[in-house]
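Printed here is model.cif (mmCIF, C-alpha atoms):
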data_target
loop_
_atom_site.label_atom_id
_atom_site.label_comp_id
_atom_site.auth_asym_id
_atom_site.auth_seq_id
_atom_site.Cartn_x
_atom_site.Cartn_y
_atom_site.Cartn_z
CA MET A 236 23.24 7.58 349.71
CA GLY A 237 24.63 4.58 347.92
CA GLY A 238 23.87 4.10 344.26
CA LEU A 239 23.34 0.39 344.78
CA SER A 240 20.97 0.80 347.72
CA LEU A 241 17.64 -0.86 347.01
CA GLU A 242 16.12 1.69 349.36
CA HIS A 243 16.32 4.05 346.40
CA PRO A 244 15.19 1.90 343.46
CA TRP A 245 14.88 4.80 341.01
CA ALA A 246 18.45 5.92 341.67
CA PHE A 247 19.62 2.35 341.16
CA ALA A 248 17.59 2.05 337.96
CA PHE A 249 18.97 5.27 336.42
CA GLY A 250 22.50 4.41 337.54
CA LEU A 251 22.24 0.99 335.96
CA LEU A 252 20.84 2.48 332.73
CA GLY A 253 23.66 5.02 332.73
CA ASN A 254 26.15 2.16 333.02
CA VAL A 255 24.62 0.45 330.00
CA ILE A 256 24.61 3.60 327.82
CA SER A 257 28.14 4.57 328.85
CA PHE A 258 29.48 1.05 328.32
CA ALA A 259 28.03 1.04 324.82
CA SER A 260 29.80 4.34 324.17
CA TYR A 261 33.10 2.88 325.34
CA LEU A 262 32.72 0.08 322.81
CA ALA A 263 31.89 2.43 319.93
CA PRO A 264 35.51 2.71 318.67
CA ILE A 265 35.88 -1.05 318.17
CA PRO A 266 35.34 -0.83 314.37
CA THR A 267 38.03 1.83 314.18
CA PHE A 268 40.56 -0.22 316.09
CA TYR A 269 39.71 -3.33 314.13
CA ARG A 270 40.52 -1.33 310.99
CA ILE A 271 43.78 -0.20 312.61
CA TYR A 272 44.60 -3.81 313.46
CA LYS A 273 43.86 -5.03 309.93
CA SER A 274 45.86 -2.26 308.26
CA LYS A 275 48.64 -2.29 310.88
CA SER A 276 48.47 1.50 310.82
CA THR A 277 46.74 4.23 312.84
CA GLU A 278 45.92 5.95 309.52
CA GLY A 279 46.14 9.45 310.99
CA PHE A 280 43.81 8.82 313.95
CA GLN A 281 44.67 10.72 317.09
CA SER A 282 45.16 9.33 320.58
CA VAL A 283 44.10 12.36 322.60
CA PRO A 284 40.41 11.37 322.99
CA TYR A 285 41.34 8.01 324.46
CA VAL A 286 43.89 9.47 326.84
CA VAL A 287 41.37 12.05 328.02
CA ALA A 288 38.71 9.37 328.45
CA LEU A 289 41.11 7.32 330.58
CA PHE A 290 41.89 10.37 332.71
CA SER A 291 38.19 11.07 333.18
CA ALA A 292 37.51 7.50 334.28
CA MET A 293 40.43 7.60 336.73
CA LEU A 294 39.21 10.88 338.19
CA TRP A 295 35.65 9.67 338.75
CA ILE A 296 36.81 6.41 340.29
CA TYR A 297 38.88 8.40 342.77
CA TYR A 298 35.88 10.61 343.55
CA ALA A 299 33.61 7.59 344.04
CA LEU A 300 36.13 5.91 346.35
CA VAL A 301 36.58 9.04 348.44
CA LYS A 302 32.84 9.60 348.73
CA SER A 303 32.19 5.86 349.32
CA ASN A 304 29.03 3.89 348.55
CA GLU A 305 29.12 4.84 344.88
CA SER A 306 29.40 1.40 343.32
CA LEU A 307 27.63 2.33 340.08
CA LEU A 308 30.16 5.06 339.39
CA ILE A 309 33.03 2.71 340.13
CA THR A 310 31.79 -0.13 337.91
CA ILE A 311 31.37 1.88 334.72
CA ASN A 312 34.55 3.90 335.17
CA ALA A 313 36.57 0.80 336.03
CA ALA A 314 35.32 -0.74 332.79
CA GLY A 315 36.24 2.50 331.04
CA CYS A 316 39.80 2.38 332.41
CA VAL A 317 40.28 -1.16 331.09
CA ILE A 318 38.77 -0.45 327.67
CA GLU A 319 40.59 2.85 327.16
CA THR A 320 43.88 1.26 328.20
CA ILE A 321 43.39 -1.44 325.57
CA TYR A 322 42.68 1.21 322.92
CA ILE A 323 45.80 3.17 323.87
CA VAL A 324 48.02 0.06 323.86
CA MET A 325 46.73 -0.86 320.40
CA TYR A 326 47.31 2.70 319.22
CA LEU A 327 50.89 2.65 320.49
CA ALA A 328 51.49 -0.72 318.82
CA TYR A 329 50.63 0.56 315.34
CA ALA A 330 51.30 4.30 315.49
CA PRO A 331 54.34 5.87 313.80
CA LYS A 332 57.23 6.91 316.02
CA LYS A 333 56.22 10.58 316.18
CA ALA A 334 52.65 9.72 317.26
CA LYS A 335 53.97 7.25 319.85
CA ILE A 336 56.17 9.91 321.41
CA PHE A 337 53.31 12.42 321.41
CA THR A 338 50.95 9.90 323.05
CA ALA A 339 53.54 8.97 325.68
CA LYS A 340 54.02 12.65 326.52
CA ILE A 341 50.33 13.38 327.05
CA LEU A 342 49.91 10.16 329.05
CA LEU A 343 52.70 11.22 331.37
CA LEU A 344 51.47 14.79 331.56
CA LEU A 345 47.77 14.14 332.11
CA ASN A 346 47.32 10.65 333.53
CA VAL A 347 50.46 10.64 335.65
CA GLY A 348 51.36 14.28 336.27
CA VAL A 349 48.00 16.04 336.58
CA PHE A 350 46.26 13.11 338.24
CA GLY A 351 49.19 12.72 340.64
CA VAL A 352 49.01 16.37 341.63
CA ILE A 353 45.25 16.14 342.22
CA LEU A 354 45.76 12.99 344.28
CA LEU A 355 48.47 14.52 346.46
CA LEU A 356 46.73 17.85 346.98
CA THR A 357 43.40 16.32 347.97
CA LEU A 358 45.06 13.80 350.29
CA LEU A 359 47.40 16.28 351.96
CA LEU A 360 45.37 19.48 352.05
CA ALA A 361 41.82 18.24 352.61
CA LYS A 362 40.15 15.76 354.91
CA GLY A 363 36.71 14.24 355.28
CA GLU A 364 33.91 16.18 353.66
CA LYS A 365 36.28 18.92 352.44
CA ARG A 366 38.14 16.33 350.38
CA VAL A 367 34.89 15.16 348.77
CA VAL A 368 33.88 18.74 348.01
CA SER A 369 37.23 19.79 346.55
CA LEU A 370 37.50 16.64 344.45
CA GLY A 371 33.88 16.99 343.35
CA TRP A 372 34.52 20.47 341.98
CA VAL A 373 37.64 19.26 340.18
CA CYS A 374 35.52 16.62 338.48
CA VAL A 375 32.88 19.21 337.57
CA ALA A 376 35.48 21.57 336.10
CA PHE A 377 37.04 18.84 333.98
CA SER A 378 33.66 17.57 332.81
CA VAL A 379 32.55 21.06 331.79
CA SER A 380 35.76 21.59 329.83
CA VAL A 381 35.07 18.33 328.00
CA PHE A 382 31.53 19.34 327.11
CA VAL A 383 32.72 22.69 325.75
CA ALA A 384 34.81 20.89 323.11
CA PRO A 385 31.87 20.35 320.69
CA LEU A 386 31.40 24.11 320.33
CA SER A 387 33.89 24.17 317.45
CA ILE A 388 31.85 21.50 315.68
CA ILE A 389 28.62 23.44 316.19
CA GLY A 390 30.31 26.47 314.62
CA ARG A 391 31.45 24.40 311.65
CA VAL A 392 27.97 23.01 311.07
CA ILE A 393 26.53 26.51 310.99
CA ARG A 394 29.32 27.80 308.75
CA THR A 395 29.18 24.98 306.22
CA ARG A 396 25.46 24.16 306.56
CA SER A 397 26.51 20.51 306.61
CA VAL A 398 25.70 17.99 309.36
CA GLU A 399 28.20 15.37 308.16
CA TYR A 400 30.49 16.59 310.94
CA MET A 401 27.86 15.90 313.59
CA PRO A 402 26.06 12.53 313.26
CA PHE A 403 22.60 12.58 314.81
CA SER A 404 23.20 9.28 316.64
CA LEU A 405 26.10 10.79 318.55
CA SER A 406 24.10 13.83 319.60
CA LEU A 407 21.24 11.60 320.71
CA SER A 408 23.62 9.41 322.69
CA LEU A 409 25.07 12.48 324.40
CA THR A 410 21.62 13.75 325.32
CA LEU A 411 20.31 10.44 326.66
CA SER A 412 23.47 9.83 328.67
CA ALA A 413 23.34 13.31 330.18
CA VAL A 414 19.65 12.96 331.12
CA VAL A 415 20.14 9.57 332.77
CA TRP A 416 23.18 10.62 334.78
CA PHE A 417 21.59 13.92 335.75
CA LEU A 418 18.60 12.06 337.19
CA TYR A 419 20.93 9.66 338.98
CA GLY A 420 22.86 12.57 340.52
CA LEU A 421 19.61 14.30 341.46
CA LEU A 422 18.18 11.22 343.14
CA ILE A 423 21.31 10.50 345.17
CA LYS A 424 21.61 14.24 345.92
CA ASP A 425 25.07 14.55 344.40
CA LYS A 426 25.41 17.89 342.68
CA TYR A 427 28.85 17.04 341.33
CA VAL A 428 27.33 14.27 339.25
CA ALA A 429 24.23 16.22 338.27
CA LEU A 430 25.64 19.65 337.37
CA PRO A 431 27.93 18.74 334.42
CA ASN A 432 25.13 16.78 332.82
CA ILE A 433 22.92 19.85 332.65
CA LEU A 434 25.49 21.30 330.27
CA GLY A 435 25.76 17.99 328.43
CA PHE A 436 22.00 17.83 327.99
CA SER A 437 21.91 21.44 326.73
CA PHE A 438 24.64 20.83 324.15
CA GLY A 439 22.92 17.63 323.07
CA LEU A 440 19.66 19.48 322.42
CA VAL A 441 21.49 22.22 320.51
CA GLN A 442 23.25 19.65 318.34
CA MET A 443 20.04 17.76 317.56
CA GLY A 444 18.28 21.03 316.80
CA LEU A 445 21.03 22.06 314.39
CA TYR A 446 20.90 18.64 312.76
CA MET A 447 17.17 18.96 312.12
CA PHE A 448 17.62 22.50 310.80
CA TYR A 449 20.51 21.76 308.43
CA MET A 450 19.86 18.12 307.49
CA ASN A 451 18.31 19.13 304.13
CA ALA A 452 20.35 22.28 303.58
CA THR A 453 22.74 22.70 300.65
CA PRO A 454 26.29 22.51 302.05
CA VAL A 455 28.76 25.32 301.41
CA VAL A 456 32.53 25.27 301.77
CA ASP A 457 34.23 27.49 304.34
CA ASP A 458 35.16 30.14 301.76
CA GLY A 459 31.45 30.73 301.16
CA LYS A 460 31.14 28.89 297.85
CA GLU A 461 28.23 26.56 297.56
CA GLY A 462 29.11 22.91 297.27
CA LYS A 463 27.30 20.12 295.63
CA LYS A 464 24.51 18.61 297.66
CA GLU A 465 26.10 15.19 297.60
CA GLY A 466 29.65 16.50 297.74
CA LYS A 467 31.83 15.94 300.78
CA LEU A 468 34.80 17.79 302.13
CA PRO A 469 38.09 15.93 302.26
CA ALA A 470 38.71 13.74 305.28
CA GLU A 471 41.29 16.21 306.59
CA GLU A 472 38.42 18.60 307.29
CA HIS A 473 36.26 16.13 309.14
CA VAL A 474 35.82 16.52 312.85
CA VAL A 475 33.33 14.33 314.65
CA VAL A 476 31.95 14.77 318.13
CA ASN A 477 30.31 12.05 320.19
CA ILE A 478 30.91 11.27 325.44
CA ALA A 479 32.66 8.90 324.82
CA LYS A 480 35.44 8.10 320.72
CA LEU A 481 34.73 8.59 316.99
CA GLY A 482 36.87 8.40 313.89
CA ALA A 483 37.80 9.37 310.37
CA THR A 484 40.74 8.39 308.24
CA PRO A 485 42.88 10.55 305.99
CA GLU A 486 42.16 8.71 302.79
CA LYS A 487 38.64 7.55 303.38
CA ASN A 488 35.50 9.13 304.66
CA TYR A 489 34.47 7.42 307.89
CA THR A 490 32.65 10.28 309.54
CA ASN A 491 29.64 8.12 310.35
CA GLU A 492 31.67 5.73 312.47
CA VAL A 493 31.86 6.21 316.19
CA HIS A 494 34.78 6.25 318.59
CA PRO A 495 34.07 6.27 322.18
CA VAL A 496 34.39 10.24 324.77
CA THR A 497 32.16 11.22 324.91
CA GLU A 498 33.29 10.03 324.61
CA MET A 499 34.39 15.44 325.87
CA ALA A 500 30.00 13.94 325.14
CA ALA A 501 28.25 11.03 324.91
CA ARG A 502 34.40 9.94 326.31
CA ALA A 503 34.57 13.09 330.52
CA VAL A 504 32.28 13.58 333.20
CA PRO A 505 31.24 10.54 335.14
CA ARG A 506 29.89 8.21 332.61
CA SER A 507 26.98 10.07 333.70
CA CYS A 508 27.83 12.61 331.19
CA GLY A 509 28.47 11.57 327.70
CA ALA A 510 30.81 13.63 325.81
CA GLU A 511 33.49 13.29 323.22
CA VAL A 512 36.79 15.00 322.96
CA VAL A 513 38.15 16.18 319.70
CA ALA A 514 41.71 17.31 319.21
CA ALA A 515 43.87 17.84 316.17
CA ALA A 516 45.85 14.81 315.14
CA PRO A 517 49.60 15.09 315.55
CA GLU A 518 50.03 14.69 311.83
CA ASN A 519 47.39 17.32 311.15
CA LYS A 520 45.43 14.73 309.24
CA ALA A 521 42.03 13.30 309.94
CA VAL A 522 40.68 13.60 313.42
CA GLY A 523 39.59 10.65 315.48
CA ALA A 524 37.04 11.55 318.05
CA LEU A 525 36.04 9.67 321.02
CA PRO A 526 33.12 9.72 323.10
CA VAL A 527 34.73 11.76 325.60
CA GLN A 528 32.11 10.66 327.70
CA ALA A 529 32.52 11.67 331.13
CA ILE A 530 31.28 9.12 333.47
CA VAL A 531 30.27 10.36 336.75
#
The structure given in the file should be rewritten as structure tokens.
Amino acid sequence: MGGLSLEHPWAFAFGLLGNVISFASYLAPIPTFYRIYKSKSTEGFQSVPYVVALFSAMLWIYYALVKSNESLLITINAAGCVIETIYIVMYLAYAPKKAKIFTAKILLLLNVGVFGVILLLTLLLAKGEKRVVSLGWVCVAFSVSVFVAPLSIIGRVIRTRSVEYMPFSLSLSLTLSAVVWFLYGLLIKDKYVALPNILGFSFGLVQMGLYMFYMNATPVVDDGKEGKKEGKLPAEEHVVVNIAKLGATPEKNYTNEVHPVTEMAARAVPRSCGAEVVAAAPENKAVGALPVQAIV
């Protein structure tokens, strides 16, 4: 069943809406990269979310091509590949030598090595429907691993009673993206697109619920001491989840700004699933998150 087929108008409508939401998530890190461009420095941001988002987009494009007639998955993930590549090139242009080497290593490992192995194995060991099935489950497994990433943020919110690590807009974006792509997968009868988004939707609801519960709570620091209501932890402690691509700098507090990886939630399941990936920066400074948004 093709996503662009007008014989299934609701599938087309949800797929188109998913493209819009996911595209917006891809553009979320623009303020961060503009700041990097102006300062001529990556300011401690990490590249991992953008590399993971690129890998996710590549994986879903391959799945859509193998399955065929999945134009809506191809369009959004193709856009994601272009946008993420631009982000990574800009990062490499302004990152210090150590961060450049680290980024080059994970690009070679994930986007060349792992993707190459998946490509060869599915082409050589599977044919026809078996290839679609095996590749579909690979996409599901990767998407689920991306959505699990925000668990550490959920734990931190509970521990510190502070929602500054988890902006409500990002959680809402994750939830909406997951709902739209789940419905798209359901309508085209593609369980590989639908299944990861059930998890994404569940995490989105949990995050929004925690936000409502702790939004007026008095924050405490990790050692159990109560902090000032208006006080904020240093930027080194900030971790943001979107997906999707979010960001924070070492000297300044930018936790309310978004980076596409959802990114691992609203930037790596088919853009159908919005999620963001968060990983520790090479310099162990502030963490830049992206919507590690998985686009199905």
Set the distance at 12 Å and use only C-alpha atoms: which residues neighbour Asn451 of chain A once local chain neighbours fewer than 2 positions away are removed? I'd like the list as a ChimeraX atom specification.
/A:396-399,445-449,453-454,464-465
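One distance worth recording is that between atom CA of Gly420 of chain A and atom CA of Ile256 of chain A, which is 15.6 Å.
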Report as number ranges by chain all protein, DNA and RNA residues lying within 10 Å of Phe350 of chain A, evaluated on all atoms listed in the file, omitting residues in the same chain fewer than 4 positions from it.
A: 290-291, 293-294, 297, 343-346, 354-356
Shell around Lys332 of chain A at 12 Å using all atoms listed in the file, local window under 4 positions removed, as an MDAnalysis selection string
chainID A and resid 276:277 326:328 336:339 517:518
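As for atom CA of Ser412 of chain A and atom CA of Ala259 of chain A, they are spaced 10.6 Å apart.
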Restricting the calculation to only C-alpha atoms, which member of A:Val349, A:Ala330, A:Leu370, A:Leu405 is positioned closest to Leu300 of chain A?
A:Leu370
Skip Tyr322 of chain A itself and residues of its chain fewer than 3 positions away, then list as a list in words all residues within 8 Å of it, counting all atoms listed in the file.
Phe268, Tyr285, Ile318, Glu319, Met325 and Tyr326 of chain A
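Atom pair atom CA of Ile321 of chain A / atom CA of Pro266 of chain A has a distance of 13.8 Å (rounded to one decimal).
With distances taken over all atoms listed in the file, A:Val301 is the one residue among A:Met450, A:Leu262, A:Thr267, A:Val301 lying closest to Lys365 of chain A.
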Do you know which residues the PyMOL selection byres ((chain A and resi 251) around 10) returns on this file, as a PyMOL selection string?
chain A and resi 238-239+245-250+252-257+307-308+310-311+415-416+419
List as a ChimeraX atom specification the residues having at least one atom at most 10 Å from position (29.3, 19.8, 341.5) as given in the file, counting only C-alpha atoms.
/A:368-376,378,420,425-431
Best match for closeness to Phe377 of chain A among A:Val317, A:Ile353, A:Leu359, A:Val324, counting only C-alpha atoms
A:Ile353
Any chance you could build segment 389-409 of chain A out to N, CA and C atoms and write it as a PDB file, keeping the file's coordinate frame?
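Result file follows (selection-v5.pdb):
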ATOM      1  N   ILE A 389      29.883  22.714 316.397  1.00  0.00           N
ATOM      2  CA  ILE A 389      28.620  23.440 316.190  1.00  0.00           C
ATOM      3  C   ILE A 389      28.860  24.626 315.254  1.00  0.00           C
ATOM      4  N   GLY A 390      29.974  25.335 315.482  1.00  0.00           N
ATOM      5  CA  GLY A 390      30.310  26.470 314.620  1.00  0.00           C
ATOM      6  C   GLY A 390      30.540  26.037 313.182  1.00  0.00           C
ATOM      7  N   ARG A 391      31.178  24.879 313.009  1.00  0.00           N
ATOM      8  CA  ARG A 391      31.450  24.400 311.650  1.00  0.00           C
ATOM      9  C   ARG A 391      30.169  23.995 310.938  1.00  0.00           C
ATOM     10  N   VAL A 392      29.247  23.400 311.673  1.00  0.00           N
ATOM     11  CA  VAL A 392      27.970  23.010 311.070  1.00  0.00           C
ATOM     12  C   VAL A 392      27.230  24.240 310.569  1.00  0.00           C
ATOM     13  N   ILE A 393      27.209  25.274 311.384  1.00  0.00           N
ATOM     14  CA  ILE A 393      26.530  26.510 310.990  1.00  0.00           C
ATOM     15  C   ILE A 393      27.229  27.151 309.798  1.00  0.00           C
ATOM     16  N   ARG A 394      28.546  27.145 309.813  1.00  0.00           N
ATOM     17  CA  ARG A 394      29.320  27.800 308.750  1.00  0.00           C
ATOM     18  C   ARG A 394      29.195  27.074 307.426  1.00  0.00           C
ATOM     19  N   THR A 395      29.199  25.761 307.458  1.00  0.00           N
ATOM     20  CA  THR A 395      29.180  24.980 306.220  1.00  0.00           C
ATOM     21  C   THR A 395      27.774  24.488 305.842  1.00  0.00           C
ATOM     22  N   ARG A 396      26.823  24.645 306.769  1.00  0.00           N
ATOM     23  CA  ARG A 396      25.460  24.160 306.560  1.00  0.00           C
ATOM     24  C   ARG A 396      25.441  22.658 306.249  1.00  0.00           C
ATOM     25  N   SER A 397      26.402  21.946 306.820  1.00  0.00           N
ATOM     26  CA  SER A 397      26.510  20.510 306.610  1.00  0.00           C
ATOM     27  C   SER A 397      26.553  19.789 307.958  1.00  0.00           C
ATOM     28  N   VAL A 398      25.744  18.730 308.094  1.00  0.00           N
ATOM     29  CA  VAL A 398      25.700  17.990 309.360  1.00  0.00           C
ATOM     30  C   VAL A 398      26.565  16.728 309.302  1.00  0.00           C
ATOM     31  N   GLU A 399      27.369  16.570 308.248  1.00  0.00           N
ATOM     32  CA  GLU A 399      28.200  15.370 308.160  1.00  0.00           C
ATOM     33  C   GLU A 399      29.256  15.346 309.259  1.00  0.00           C
ATOM     34  N   TYR A 400      29.528  16.522 309.856  1.00  0.00           N
ATOM     35  CA  TYR A 400      30.490  16.590 310.940  1.00  0.00           C
ATOM     36  C   TYR A 400      29.873  16.181 312.278  1.00  0.00           C
ATOM     37  N   MET A 401      28.555  16.072 312.323  1.00  0.00           N
ATOM     38  CA  MET A 401      27.860  15.900 313.590  1.00  0.00           C
ATOM     39  C   MET A 401      26.742  14.861 313.444  1.00  0.00           C
ATOM     40  N   PRO A 402      27.074  13.575 313.425  1.00  0.00           N
ATOM     41  CA  PRO A 402      26.060  12.530 313.260  1.00  0.00           C
ATOM     42  C   PRO A 402      24.973  12.636 314.321  1.00  0.00           C
ATOM     43  N   PHE A 403      23.730  12.444 313.896  1.00  0.00           N
ATOM     44  CA  PHE A 403      22.600  12.580 314.810  1.00  0.00           C
ATOM     45  C   PHE A 403      22.677  11.548 315.940  1.00  0.00           C
ATOM     46  N   SER A 404      23.143  10.342 315.626  1.00  0.00           N
ATOM     47  CA  SER A 404      23.200   9.280 316.640  1.00  0.00           C
ATOM     48  C   SER A 404      24.112   9.662 317.800  1.00  0.00           C
ATOM     49  N   LEU A 405      25.180  10.378 317.495  1.00  0.00           N
ATOM     50  CA  LEU A 405      26.100  10.790 318.550  1.00  0.00           C
ATOM     51  C   LEU A 405      25.470  11.854 319.438  1.00  0.00           C
ATOM     52  N   SER A 406      24.779  12.787 318.832  1.00  0.00           N
ATOM     53  CA  SER A 406      24.100  13.830 319.600  1.00  0.00           C
ATOM     54  C   SER A 406      23.009  13.235 320.478  1.00  0.00           C
ATOM     55  N   LEU A 407      22.290  12.267 319.934  1.00  0.00           N
ATOM     56  CA  LEU A 407      21.240  11.600 320.710  1.00  0.00           C
ATOM     57  C   LEU A 407      21.834  10.831 321.877  1.00  0.00           C
ATOM     58  N   SER A 408      22.937  10.158 321.634  1.00  0.00           N
ATOM     59  CA  SER A 408      23.620   9.410 322.690  1.00  0.00           C
ATOM     60  C   SER A 408      24.073  10.341 323.803  1.00  0.00           C
ATOM     61  N   LEU A 409      24.629  11.485 323.422  1.00  0.00           N
ATOM     62  CA  LEU A 409      25.070  12.480 324.400  1.00  0.00           C
ATOM     63  C   LEU A 409      23.903  12.945 325.256  1.00  0.00           C
TER      64      LEU A 409
END
